[in-house]
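See below for the structure under consideration.
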Amino acid sequence: MNHATLKIMRPDKQRGLTLMEVMVAITISLILLAGVMQIFLGSRQTYRMQDGLARLQENGRFAMDFLSRDIRMAGYQGCRRAATTVNNTLAGAIPASFNPGMGLQGWEASGTGPGQTYNISSTNVATVSTVGGGWTTAGGTTLEDFQAVPGSDIVRIWTMGENPAEIDNISPGANTVVDTPQNSVFANDEILMLSDCTNADVVQVCNIQTIGSGQIRLNLNAGCVPGNIAAMTLSTSQDGQVSRLVSNIYYVGKRNNDPNNPPALFRRPLGGATLLAGNPEELLEGVESMQVLYGEDTDSDRTANRYVTANNVTDWANVVSVRLALLMRSVEEANSTTDSNTYQTAETTINPMDDRRLRRVFTTTLQIRNRGQ
């Protein structure tokens with residue numbers, strides 16, 4: 001009977017890794033892992049910067065678009081060149097801030113004039129009341145009371161809405177009516193502007209009727225709030241146009257006035273029957289500062305002779321252009337280094353907090369179409 005030979009390995013014949021070899025392998029693995037991590041972190045930082053910059057540039061373009069579109073149309077009253085006199089037929093107490101004939105008005109933030117440096121003192125800037133909060137203007141009307149971020153200018157636009165309807169007929173009387181094509185889109189209680197090439201009227205439509213022949217009838221009477229005065233007299237002819245009255249206040253604010261929220265561009269449209277500014281609408285976040293200069297025509301040639309702040313405008317009716325600058329920042333810290341730069345915005349130096357946010361300045365000069373050449 002054959003027996004298999006049992007071979008027992010002696011300890012001195014075994015093969016494996018020594019402790020030194022294991023340590024070398026671990027060291028090499030750690031070096032490779034560190035390299036992979038470095039590549040990952042670098043790629044992640046690059047992505048964060050590219051994403052932050054893309055969002056910043058996109059927000060900057062949209063903010064400029066919102067403001068540019070409205071500012072260019074400031075004071076638009078159909079074929080009538082804007083003036084400060086508009087016939088107001090609305091009844092009741094009219095707020096001091098309600099002045100559609102202004103067309104355009106601004107308020108200068110304290111400490112942000114040309115040649116000055118405005119230091120943003122905190123990452124989480126608290127909003128303050130616009131009444132007594134440091135905003136000033138020259139002439140015009142008062143600024144309504146709401147919360148805004150200090151150090152940024154405020155601008156208000158008054159204009160006749162887009163796509164006005166032709167006036168087919170005006171019938172004056174105790175219940176003045178205005179007939180327009182049926183495709184006109186208006187709603188009960190809206191504040192409207194009627195305009196021809198000579199005159200303009202501000203009215204309220206209390207109710208709307210369909211009268212056939214492709215027409216609707218706007219009833220202008222005292223049956224709504226605030227309603228129209230009883231003995232109203234319209235200065236507009238039936239060859240004019242009618243559209244909504246549009247008013248927008250643009251400013252830098254914060255959502256819910258919470259200082260921990262990022263600064264954003266806000267808009268307050270006309271609030272309806274109160275004739276005051278309505279609820280705030282957040283348009284775009286990341287607007288850290290808005291600076292505005294107004295081009296004033298001093299020799300009646302419809303071109304700007306000088307650019308001044310809102311508190312140095314001689315006559316708002318002579319403002320024919322606007323120089324606008326926005327300092328935009330990324331909402332999150334996306335930079336690899338601390339930003340300790342200052343930024344030039346419409347001749348004002350803005351010194352933001354030293355953080356890792358990305359920042360860019362957007363600047364444009366806008367011609368007011370209804371006043372310039």
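The chains in the structure tokens are called A, B, ... from first to last as shown; in each chain the residues are counted from 1, and the ligands are counted from 1 in the order shown.
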
Quiz item: Excluding same-chain residues fewer than 3 positions from Asn318 in chain A, what lies within 6 Å of it counting only C-alpha atoms, as a VMD selection string?
Solution: chain A and resid 296 to 297 315

Print the selection's residues with N, CA and C atoms to a file, as a PDB file, in the first residue's frame.
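Saved file selection-v8.pdb follows:
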ATOM      1  N   GLU A 296     -28.809 114.751 -17.410  1.00  0.00           N
ATOM      2  CA  GLU A 296     -29.726 115.890 -17.491  1.00  0.00           C
ATOM      3  C   GLU A 296     -29.390 116.761 -18.686  1.00  0.00           C
ATOM      4  N   ASP A 297     -30.413 117.097 -19.448  1.00  0.00           N
ATOM      5  CA  ASP A 297     -30.275 117.978 -20.608  1.00  0.00           C
ATOM      6  C   ASP A 297     -30.464 119.419 -20.136  1.00  0.00           C
ATOM      7  N   ASP A 315     -34.107 119.338 -12.715  1.00  0.00           N
ATOM      8  CA  ASP A 315     -35.484 119.171 -13.173  1.00  0.00           C
ATOM      9  C   ASP A 315     -35.627 117.760 -13.735  1.00  0.00           C
TER      10      ASP A 315
END

Contact check, range 289-328 of chain A to range 60-84 of chain A, at most 9 Å, counting only C-alpha atoms, closest pairs as JSON lines:
{"residue": "A:Trp316", "atom": "CA", "partner": "A:Thr84", "partner_atom": "CA", "distance": 8.7}
{"residue": "A:Ala317", "atom": "CA", "partner": "A:Ala83", "partner_atom": "CA", "distance": 6.5}
{"residue": "A:Ser321", "atom": "CA", "partner": "A:Arg72", "partner_atom": "CA", "distance": 8.2}
{"residue": "A:Val322", "atom": "CA", "partner": "A:Ile71", "partner_atom": "CA", "distance": 7.7}
{"residue": "A:Leu324", "atom": "CA", "partner": "A:Met64", "partner_atom": "CA", "distance": 8.6}
{"residue": "A:Ala325", "atom": "CA", "partner": "A:Met64", "partner_atom": "CA", "distance": 8.9}
{"residue": "A:Leu326", "atom": "CA", "partner": "A:Gly60", "partner_atom": "CA", "distance": 7.6}
{"residue": "A:Leu327", "atom": "CA", "partner": "A:Gly60", "partner_atom": "CA", "distance": 8.5}
{"residue": "A:Met328", "atom": "CA", "partner": "A:Gly60", "partner_atom": "CA", "distance": 6.4}

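Nearest residue to Glu282 in chain A among A:Val331, A:Val131, A:Leu270, A:Ala264 is A:Ala264, counting only C-alpha atoms.
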
Exercise. Within range 153-233 of chain A, find each residue whose DSSP state, derived from the backbone, is strand (DSSP E), and express the selection as a PyMOL selection string.
Key: chain A and resi 154-160+165-166+169-171+176-181+191-195+200-204+207-212+215-220

Quiz item: What is the distance between CA of Asp339 in chain A and CA of Met49 in chain A, in Å to one decimal?
Solution: 13.2 Å

Quiz prompt | Selection near Thr342 in chain A, 12 Å with only C-alpha atoms, sequence-local residues under 2 positions removed, as JSON, numbers by chain | solution = {"A": [116, 117, 118, 119, 120, 327, 339, 340, 344, 345, 348, 349, 350, 351, 352, 353, 354, 359, 360, 361]}

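Using only C-alpha atoms, the nearest neighbour of Leu90 in chain A within the list A:Gln182, A:Gln367, A:Asn228, A:Ser152 is A:Asn228.
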
Considering only C-alpha atoms, return as a JSON list (two decimals) with N, CA and C atoms, in the first residue's frame whatever protein or nucleic-acid residues lie within 7 Å of Glu281 in chain A, sequence-local ones (same chain, fewer than 5 positions apart) excluded.
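Written out: selection-v7.json:
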[["chain", "number", "residue", "atom", "x", "y", "z"],
["A", 266, "PHE", "N", -35.37, 93.99, -6.08],
["A", 266, "PHE", "CA", -36.80, 93.92, -5.84],
["A", 266, "PHE", "C", -37.52, 94.97, -6.68],
["A", 267, "ARG", "N", -38.83, 94.70, -6.90],
["A", 267, "ARG", "CA", -39.69, 95.65, -7.60],
["A", 267, "ARG", "C", -41.01, 95.77, -6.86],
["A", 268, "ARG", "N", -41.50, 96.99, -6.75],
["A", 268, "ARG", "CA", -42.82, 97.23, -6.16],
["A", 268, "ARG", "C", -43.70, 97.89, -7.21]]

Quiz item: Residues at most 6 Å from Ser195 in chain A, counting only C-alpha atoms, excluding those fewer than 6 positions away in the same chain, as a ChimeraX atom specification?
Solution: /A:236,240-241

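For the choices A:Thr137, A:Asn87, A:Thr338, A:Gln147, the atom-to-atom distance to Pro259 in chain A is smallest for A:Gln147 when using only C-alpha atoms.
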